[in-house]
Every structure is written in C-alpha cells, then in structure tokens.
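Pasting entry.txt here (compact mmCIF, C-alpha atoms):
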# COMPACT_ATOMS: atom_id res chain seq x y z
CA MET B 6 64.30 6.70 -5.17
CA LYS B 7 61.42 5.92 -2.82
CA PHE B 8 58.12 5.28 -4.56
CA THR B 9 54.61 3.92 -4.15
CA LYS B 10 52.90 1.76 -6.76
CA MET B 11 49.17 2.55 -6.97
CA GLN B 12 46.30 1.66 -9.29
CA GLY B 13 42.82 2.85 -10.12
CA ILE B 14 40.84 -0.07 -11.60
CA GLY B 15 44.01 -1.45 -13.13
CA ASN B 16 45.42 1.83 -14.52
CA ASP B 17 48.71 1.68 -12.59
CA TYR B 18 51.34 4.35 -11.95
CA VAL B 19 54.49 4.85 -9.93
CA TYR B 20 54.03 7.75 -7.48
CA VAL B 21 56.86 9.81 -6.04
CA ASP B 22 56.52 12.43 -3.31
CA CYS B 23 58.30 15.48 -4.74
CA THR B 24 56.96 18.00 -2.24
CA GLY B 25 59.95 20.13 -1.35
CA LYS B 26 62.24 18.44 -3.88
CA GLU B 27 62.66 17.79 -7.59
CA LEU B 28 63.29 14.68 -9.69
CA LYS B 29 66.26 15.18 -12.00
CA ASN B 30 65.02 13.66 -15.25
CA PRO B 31 61.32 12.71 -15.03
CA GLU B 32 60.98 11.78 -18.72
CA GLU B 33 63.76 9.17 -18.65
CA THR B 34 62.75 8.05 -15.17
CA ALA B 35 59.21 7.43 -16.42
CA ARG B 36 60.50 5.23 -19.24
CA PHE B 37 62.73 3.30 -16.85
CA VAL B 38 60.26 2.65 -14.02
CA SER B 39 57.36 1.85 -16.39
CA ASP B 40 59.18 -1.04 -18.06
CA ARG B 41 57.41 -4.20 -16.90
CA HIS B 42 60.48 -6.38 -17.40
CA PHE B 43 63.40 -4.23 -16.22
CA GLY B 44 61.68 -1.57 -14.11
CA ILE B 45 58.80 -1.48 -11.65
CA GLY B 46 56.08 -1.85 -14.28
CA SER B 47 53.40 0.78 -14.80
CA ASP B 48 51.45 2.90 -17.25
CA GLY B 49 53.61 5.85 -16.27
CA LEU B 50 55.04 8.06 -13.54
CA ILE B 51 53.17 10.61 -11.40
CA LEU B 52 54.98 13.18 -9.27
CA ILE B 53 53.19 14.81 -6.33
CA LYS B 54 54.42 18.38 -5.84
CA ASP B 55 53.76 21.59 -3.96
CA SER B 56 51.49 24.13 -5.66
CA ASP B 57 50.98 27.87 -5.33
CA ALA B 58 47.51 27.57 -6.88
CA ALA B 59 46.07 24.46 -5.18
CA ASP B 60 46.70 22.06 -2.30
CA PHE B 61 48.99 19.92 -4.48
CA ARG B 62 50.24 19.59 -8.05
CA MET B 63 50.28 16.43 -10.15
CA ASP B 64 52.89 16.01 -12.90
CA MET B 65 52.09 13.01 -15.08
CA TYR B 66 54.38 11.21 -17.53
CA ASN B 67 53.32 8.37 -19.81
CA ALA B 68 55.24 5.11 -20.11
CA ASP B 69 57.05 6.44 -23.20
CA GLY B 70 58.25 9.51 -21.28
CA SER B 71 55.83 11.95 -22.91
CA ARG B 72 54.03 14.44 -20.70
CA GLY B 73 50.34 13.92 -20.06
CA GLU B 74 47.97 16.77 -19.23
CA MET B 75 45.64 14.79 -17.03
CA CYS B 76 44.83 11.27 -15.78
CA GLY B 77 41.52 10.53 -14.10
CA ASN B 78 42.56 7.28 -12.43
CA GLY B 79 45.93 8.80 -11.55
CA ILE B 80 44.48 11.84 -9.81
CA ARG B 81 42.24 9.64 -7.63
CA CYS B 82 45.36 7.88 -6.40
CA VAL B 83 47.01 11.26 -5.75
CA GLY B 84 44.09 12.02 -3.44
CA LYS B 85 44.55 8.73 -1.63
CA TYR B 86 48.32 9.20 -1.37
CA VAL B 87 48.29 12.66 0.18
CA ARG B 88 45.69 11.68 2.77
CA ASP B 89 46.97 8.20 3.63
CA TYR B 90 50.61 9.35 3.87
CA GLY B 91 49.80 12.35 6.05
CA LEU B 92 50.41 15.18 3.59
CA THR B 93 46.92 16.49 4.36
CA ASP B 94 44.07 15.85 6.77
CA LYS B 95 41.38 17.28 4.49
CA ASP B 96 38.46 15.33 3.02
CA GLU B 97 38.23 17.72 0.07
CA ILE B 98 41.35 18.87 -1.76
CA SER B 99 42.38 20.67 -4.94
CA VAL B 100 45.06 19.40 -7.33
CA GLU B 101 46.77 21.47 -10.01
CA THR B 102 47.30 19.73 -13.36
CA LEU B 103 48.25 20.81 -16.88
CA ALA B 104 44.50 20.60 -17.58
CA GLY B 105 43.65 23.01 -14.77
CA ILE B 106 42.77 22.62 -11.10
CA LYS B 107 40.66 19.58 -10.21
CA TYR B 108 38.63 19.17 -7.02
CA LEU B 109 38.52 15.87 -5.16
CA ARG B 110 36.28 14.47 -2.43
CA LEU B 111 37.90 11.65 -0.45
CA THR B 112 35.93 8.80 1.16
CA ALA B 113 37.74 6.74 3.79
CA GLU B 114 37.13 3.20 5.04
CA ASP B 115 38.93 1.94 8.15
CA GLY B 116 41.11 5.04 8.19
CA LYS B 117 42.30 4.77 4.57
CA VAL B 118 40.93 6.43 1.45
CA ALA B 119 39.01 3.86 -0.61
CA LYS B 120 37.02 5.95 -3.07
CA VAL B 121 37.49 9.36 -4.65
CA ARG B 122 35.05 11.63 -6.48
CA VAL B 123 36.66 14.08 -8.88
CA ASN B 124 35.19 17.14 -10.52
CA MET B 125 36.83 16.73 -13.92
CA GLY B 126 35.61 20.10 -15.18
CA GLU B 127 33.67 20.99 -18.31
CA PRO B 128 34.17 18.91 -21.45
CA ILE B 129 35.86 20.75 -24.32
CA LEU B 130 34.08 20.36 -27.66
CA SER B 131 35.87 22.98 -29.75
CA PRO B 132 37.99 21.18 -32.39
CA GLU B 133 40.79 23.75 -32.05
CA ARG B 134 41.06 23.12 -28.31
CA ILE B 135 40.71 19.31 -28.35
CA PRO B 136 42.66 19.45 -30.78
CA VAL B 137 41.34 17.71 -33.89
CA LYS B 138 41.29 18.90 -37.49
CA SER B 139 37.61 19.44 -38.29
CA ASP B 140 35.30 22.11 -39.66
CA HIS B 141 32.46 21.12 -37.34
CA GLU B 142 31.68 21.88 -33.68
CA PRO B 143 30.94 19.69 -31.93
CA VAL B 144 32.72 16.86 -33.75
CA VAL B 145 29.97 14.22 -33.62
CA GLN B 146 29.83 11.08 -35.79
CA GLU B 147 32.43 12.56 -38.12
CA PRO B 148 33.97 10.18 -40.67
CA ILE B 149 37.66 9.32 -40.43
CA GLU B 150 39.61 6.80 -42.50
CA VAL B 151 41.87 4.48 -40.50
CA CYS B 152 43.30 1.15 -41.67
CA ASN B 153 41.47 1.36 -45.01
CA ARG B 154 38.09 1.66 -43.30
CA GLU B 155 35.77 4.56 -42.60
CA TRP B 156 34.91 5.04 -38.93
CA ARG B 157 32.64 7.54 -37.18
CA MET B 158 34.27 9.45 -34.34
CA THR B 159 33.01 11.84 -31.68
CA CYS B 160 35.79 14.01 -30.24
CA VAL B 161 36.00 15.42 -26.71
CA SER B 162 38.77 16.84 -24.56
CA MET B 163 38.77 16.35 -20.81
CA GLY B 164 42.06 18.23 -20.61
CA ASN B 165 43.53 15.71 -23.04
CA PRO B 166 42.23 14.64 -26.47
CA HIS B 167 39.83 11.74 -27.01
CA ALA B 168 38.28 10.18 -30.10
CA VAL B 169 35.29 8.01 -29.18
CA ILE B 170 34.20 5.20 -31.51
CA PHE B 171 30.93 3.29 -30.97
CA LEU B 172 30.84 -0.40 -31.86
CA ASP B 173 27.98 -2.84 -32.42
CA THR B 174 29.99 -5.83 -31.20
CA PRO B 175 31.55 -6.72 -27.82
CA VAL B 176 34.69 -4.68 -27.14
CA LYS B 177 36.57 -7.82 -26.05
CA ASP B 178 36.48 -9.02 -29.67
CA PHE B 179 37.84 -5.79 -31.12
CA ALA B 180 41.35 -5.82 -32.67
CA LEU B 181 42.54 -2.88 -30.58
CA GLU B 182 46.28 -3.44 -31.02
CA GLU B 183 45.90 -3.43 -34.80
CA VAL B 184 43.80 -0.26 -35.02
CA GLY B 185 44.70 1.80 -31.93
CA PRO B 186 48.18 2.98 -33.00
CA PHE B 187 46.83 4.34 -36.29
CA PHE B 188 44.19 6.41 -34.52
CA GLU B 189 46.73 7.71 -32.00
CA LYS B 190 49.10 9.02 -34.69
CA HIS B 191 46.54 10.01 -37.32
CA GLU B 192 47.30 13.33 -39.04
CA ARG B 193 43.98 14.80 -37.88
CA PHE B 194 45.21 14.82 -34.27
CA PRO B 195 48.02 17.41 -33.90
CA LYS B 196 48.89 16.21 -30.38
CA ARG B 197 48.00 12.56 -31.01
CA THR B 198 44.88 11.19 -29.32
CA ASN B 199 43.47 8.66 -26.88
CA THR B 200 40.88 6.45 -28.56
CA GLU B 201 37.94 4.82 -26.77
CA PHE B 202 36.04 1.93 -28.34
CA ILE B 203 32.57 1.70 -26.80
CA ARG B 204 29.59 -0.61 -26.89
CA MET B 205 26.39 0.63 -25.27
CA LEU B 206 24.81 -2.04 -23.05
CA SER B 207 21.87 0.19 -22.04
CA ARG B 208 21.23 3.90 -21.67
CA ASP B 209 22.99 3.92 -18.31
CA ARG B 210 25.77 1.36 -18.89
CA MET B 211 28.56 0.94 -21.45
CA GLU B 212 31.65 -1.20 -21.92
CA MET B 213 34.93 0.30 -23.06
CA ARG B 214 38.46 -0.45 -24.15
CA VAL B 215 41.01 2.29 -24.64
CA TRP B 216 44.19 2.88 -26.61
CA GLU B 217 46.04 5.52 -24.60
CA ARG B 218 48.33 8.05 -26.17
CA GLY B 219 51.88 7.18 -25.11
CA ALA B 220 50.91 4.04 -23.18
CA LYS B 221 49.15 1.63 -25.62
CA GLU B 222 46.16 -0.28 -24.20
CA THR B 223 45.57 0.29 -20.51
CA TRP B 224 43.11 -1.40 -18.18
CA ALA B 225 41.29 1.87 -17.58
CA CYS B 226 41.25 5.56 -18.48
CA GLY B 227 39.34 7.98 -16.29
CA THR B 228 39.37 10.93 -18.68
CA GLY B 229 38.43 8.49 -21.45
CA ALA B 230 35.43 7.23 -19.50
CA CYS B 231 34.31 10.84 -18.99
CA ALA B 232 34.77 11.62 -22.68
CA ALA B 233 32.86 8.47 -23.66
CA VAL B 234 29.84 9.44 -21.55
CA VAL B 235 29.83 12.95 -22.99
CA ALA B 236 30.05 11.45 -26.50
CA ALA B 237 27.25 8.98 -25.79
CA TYR B 238 24.98 11.77 -24.58
CA LEU B 239 25.78 13.96 -27.60
CA ASN B 240 24.84 11.04 -29.86
CA GLY B 241 21.60 10.39 -28.00
CA TYR B 242 22.73 6.96 -26.79
CA SER B 243 22.63 7.65 -23.05
CA GLY B 244 21.53 9.91 -20.24
CA ARG B 245 23.90 11.96 -18.08
CA ASN B 246 24.60 9.22 -15.49
CA VAL B 247 26.42 6.18 -16.84
CA THR B 248 28.36 3.26 -15.38
CA VAL B 249 31.41 2.52 -17.51
CA GLU B 250 32.76 -1.03 -17.52
CA LEU B 251 36.52 -1.16 -18.20
CA LEU B 252 38.98 -4.05 -18.14
CA GLY B 253 40.00 -3.18 -14.57
CA GLY B 254 36.61 -2.36 -13.07
CA GLU B 255 33.83 0.21 -13.12
CA LEU B 256 33.62 4.00 -12.94
CA GLU B 257 30.54 6.08 -12.19
CA ILE B 258 30.37 9.10 -14.50
CA GLU B 259 27.90 11.99 -14.23
CA TRP B 260 27.72 14.97 -16.61
CA LYS B 261 25.80 17.51 -14.57
CA GLU B 262 23.50 19.84 -16.45
CA ALA B 263 23.59 22.45 -13.67
CA ASP B 264 27.28 23.32 -13.96
CA ASN B 265 28.22 21.45 -17.19
CA CYS B 266 30.96 19.62 -15.26
CA VAL B 267 31.74 15.91 -15.46
CA TYR B 268 32.11 14.02 -12.17
CA MET B 269 33.99 10.74 -11.89
CA THR B 270 33.77 8.38 -8.91
CA GLY B 271 35.94 5.30 -8.49
CA PRO B 272 38.37 3.39 -6.27
CA ALA B 273 42.03 4.08 -5.53
CA VAL B 274 44.37 1.33 -4.29
CA THR B 275 47.92 1.20 -2.94
CA VAL B 276 49.76 -1.83 -4.32
CA PHE B 277 53.11 -1.54 -2.53
CA ASP B 278 55.83 0.82 -1.35
CA GLY B 279 59.42 0.40 -2.44
CA GLU B 280 62.80 1.87 -3.22
CA ILE B 281 64.58 1.54 -6.56
CA LEU B 282 68.17 2.22 -7.60
CA LEU B 283 68.01 4.50 -10.65
CA PRO B 284 70.54 4.11 -13.47
CA GLU B 285 73.47 6.50 -13.65
CA GLY B 286 72.33 9.92 -14.78
CA LEU B 287 68.83 9.64 -13.29
CA GLU B 288 69.75 9.86 -9.61

Just give me the structure as structure tokens.
Amino acid sequence: MKFTKMQGIGNDYVYVDCTGKELKNPEETARFVSDRHFGIGSDGLILIKDSDAADFRMDMYNADGSRGEMCGNGIRCVGKYVRDYGLTDKDEISVETLAGIKYLRLTAEDGKVAKVRVNMGEPILSPERIPVKSDHEPVVQEPIEVCNREWRMTCVSMGNPHAVIFLDTPVKDFALEEVGPFFEKHERFPKRTNTEFIRMLSRDRMEMRVWERGAKETWACGTGACAAVVAAYLNGYSGRNVTVELLGGELEIEWKEADNCVYMTGPAVTVFDGEILLPEGLE
C-alpha cells in the first residue's frame, strides 16, 4: 500500500489516495499502520476519496480503528495532499466528511501548500446532537463527577463531541493520562467524547491539552481547538478571535458573528512518502 505520512502541528496521520479505488479493511488497516512500534506510527488513517457532493471526500479512522466524523488538522493535510500531488489545481476546495462538507482555502509557498484555512461550520450546542446527557442548552459550566472529583464542563460539537474543562494551573502539569480515559468513556457521553483541558493566558490566547476519543493524548486537535474557543466565549473568558497553543504548535481560531461559523487556520506538513506491506487479509 502506498501512503503519505503528514502532520498538522504534530497531529499525524497516514494518508492513502483512494480516488478510484477502495481499501479492503480500513478499520484493521488503521490499527496496523498507527502502531508506533510495528506499523508506520500515527494518530490514525485518513483515506482521500472521490465525492458526488464535493471536490473530495475524507474518511477518517482513529488509531484504535474506530471511525471519526471529523479531524481539523487532518482535513488541512487533505487540502495540502490533493493540491501538492496534482489531484486538483484549485486554491479553494470542498471536502465531504461525516460531519458535513467543509470548505478550505489553500495558501502555497514555493509551489507547495503551507497553510490552510478551513470553514469548520457552525458549532453545535444542542445536548442531543453533541451528544451529551444534559437537561440544559447550552451545556455551560455543568458539573460532572470524574475520578471522585467534581469538574465543570462546557460541551460543544464541531461534528464530533467535545467536553471543555478550564483549569487554573498550567496544562503541562495536569495528569491527563489519569483523568482523560474516564472522561472519554463517561456514561454521560453516548458516543464517548474528546476532552480539552484549557488554561486562559489572556482573552485572545489559551493553552490546551487534549485527550482524543480513540487516540489518547495527541499533540493537537483542530476540532478541539475550535470547540475550546467557542466554550471560552460562552463562558465570557475570551473574544471571538483566539490563538490556541497546543503541544505541536499554534492554531488561529475565529468564531464569526456574521455567519456563526468557526474558522481554523494552521499549517500542514508532509513528513514522508512510503510503501508498506500489509498483513495477510488487509491487502
């Protein structure tokens, strides 16, 4: 199988061009290629496909083989891939995802895409659609008990579910591996959840660590950064334009009042191209 390893501020995926062809078993293939000891090593697998509704379609699988609706860092790399590898010559493209069609603006440097701006769509605040079990809409500063402690969560969907927790201490000191799994699988999240732990540095800057559903801690999460900015605004902590500091770098997030859509801007990088022999049954 030919592939390209790409990353968006450290959130890395294996990309496969499936335009005009299908991959036999994407769930098992995702588990195999994501293994950082026996595979390629990644946060998951992203397939680039033809679409009847948009320019391209993105199918995303987490490292554990589960299907993901949307990935902000992943979709930026899809934009870079299709332009750099000659699948399109457009500067603005549309990509179909399980979370709807997203619209990308590609910025090139020296003939290669270096930065991508994505219209991530309107944030979803209805608890039924996030989904989260709650009697309130929006779900802002709602108590939840995890690891024998009461936390306050603000819940947002950007096509996938997010629970945002604000901290008073630096995120680097937070025991994410101890707490993250219990948020992800908490009974109040019917489809599990991504959990963002945030410290506000100012009204236009925050730092963030994320426990991703199906992938554990990752160096970045684009939809999570969008959800965190929406949550910060709903809590009165920030304005609508915020720089989000993640382990792998920074994202610029804007929640526009005019159209209620969230826009994410950040880099996309090709790491290497390769070819891997898949185990029997996955060819």

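Residue nearest Val274 of chain B, chosen from B:Phe8, B:Phe187, B:Tyr86, B:Phe171 and counting all atoms listed in the file: B:Tyr86.
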
Using all atoms listed in the file, find each residue in segment 174-236 of chain B having at least one atom no more than 12 Å away from segment 103-125 of chain B; report its shortest atom-to-atom pair and that distance in Å (one decimal), rows by chain then rising number, as a tab-separated table.
residue	atom	partner	partner_atom	distance
B:Gly227	CA	B:Met125	CA	9.4
B:Thr228	CA	B:Met125	CA	7.9
B:Gly229	CA	B:Met125	CA	11.3
B:Ala230	CA	B:Met125	CA	11.1
B:Cys231	CA	B:Met125	CA	8.2
B:Ala232	CA	B:Met125	CA	10.3

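Distance annotation: of B:Leu283, B:Ile45, B:Val100, B:Ala237, the residue with the minimal separation from Pro31 of chain B is B:Leu283; atom set is all atoms listed in the file.
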
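The shortest atom-to-atom distance to Ala225 of chain B, with all atoms listed in the file taken into account, belongs to B:Gly253 out of B:Gly253, B:Gly286, B:Pro272, B:Gly70.
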
Show me, as lines of an AutoDock Vina configuration file, the centre and edge lengths in Å to one decimal of the axis-aligned box that covers every listed atom of segment 122-137 of chain B with 3 Å on each side.
center_x = 38.2
center_y = 17.7
center_z = -20.2
size_x = 15.0
size_y = 18.1
size_z = 33.4

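As for atom CA of Met75 of chain B and atom CA of Gln12 of chain B, they are spaced 15.3 Å apart.
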
Pick out the residues sitting within 12 Å of Glu189 of chain B, and hand them over as number ranges by chain; count only C-alpha atoms, and ignore anything fewer than 2 positions along from it in its own chain. B: 137, 151, 166-169, 181-187, 191-201, 215-222

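Shortest separation to Ala35 of chain B among B:Ile14, B:Ile53, B:Glu257, B:Asp69 occurs at residue B:Asp69, atoms counted being all atoms listed in the file.
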
Judged by all atoms listed in the file, the minimum distance to Lys85 of chain B among B:Asp178, B:Pro148, B:Thr102, B:Glu97 is found for B:Glu97

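For the choices B:Thr159, B:Asn246, B:Ser207, B:Thr223, the atom-to-atom distance to Asn67 of chain B is smallest for B:Thr223 when using all atoms listed in the file.
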
Please work out which residues fall within 12 Å of (21.6, -2.5, -19.9), coordinates as given in the file, with all atoms listed in the file counting, and return them as a PDB file with C-alpha atoms, keeping the file's coordinate frame.
ATOM      1  CA  ARG B 204      29.590  -0.610 -26.890  1.00  0.00           C
ATOM      2  CA  MET B 205      26.390   0.630 -25.270  1.00  0.00           C
ATOM      3  CA  LEU B 206      24.810  -2.040 -23.050  1.00  0.00           C
ATOM      4  CA  SER B 207      21.870   0.190 -22.040  1.00  0.00           C
ATOM      5  CA  ARG B 208      21.230   3.900 -21.670  1.00  0.00           C
ATOM      6  CA  ASP B 209      22.990   3.920 -18.310  1.00  0.00           C
ATOM      7  CA  ARG B 210      25.770   1.360 -18.890  1.00  0.00           C
ATOM      8  CA  MET B 211      28.560   0.940 -21.450  1.00  0.00           C
ATOM      9  CA  GLU B 212      31.650  -1.200 -21.920  1.00  0.00           C
ATOM     10  CA  TYR B 242      22.730   6.960 -26.790  1.00  0.00           C
ATOM     11  CA  SER B 243      22.630   7.650 -23.050  1.00  0.00           C
ATOM     12  CA  VAL B 247      26.420   6.180 -16.840  1.00  0.00           C
ATOM     13  CA  THR B 248      28.360   3.260 -15.380  1.00  0.00           C
ATOM     14  CA  VAL B 249      31.410   2.520 -17.510  1.00  0.00           C
ATOM     15  CA  GLU B 250      32.760  -1.030 -17.520  1.00  0.00           C
TER      16      GLU B 250
END
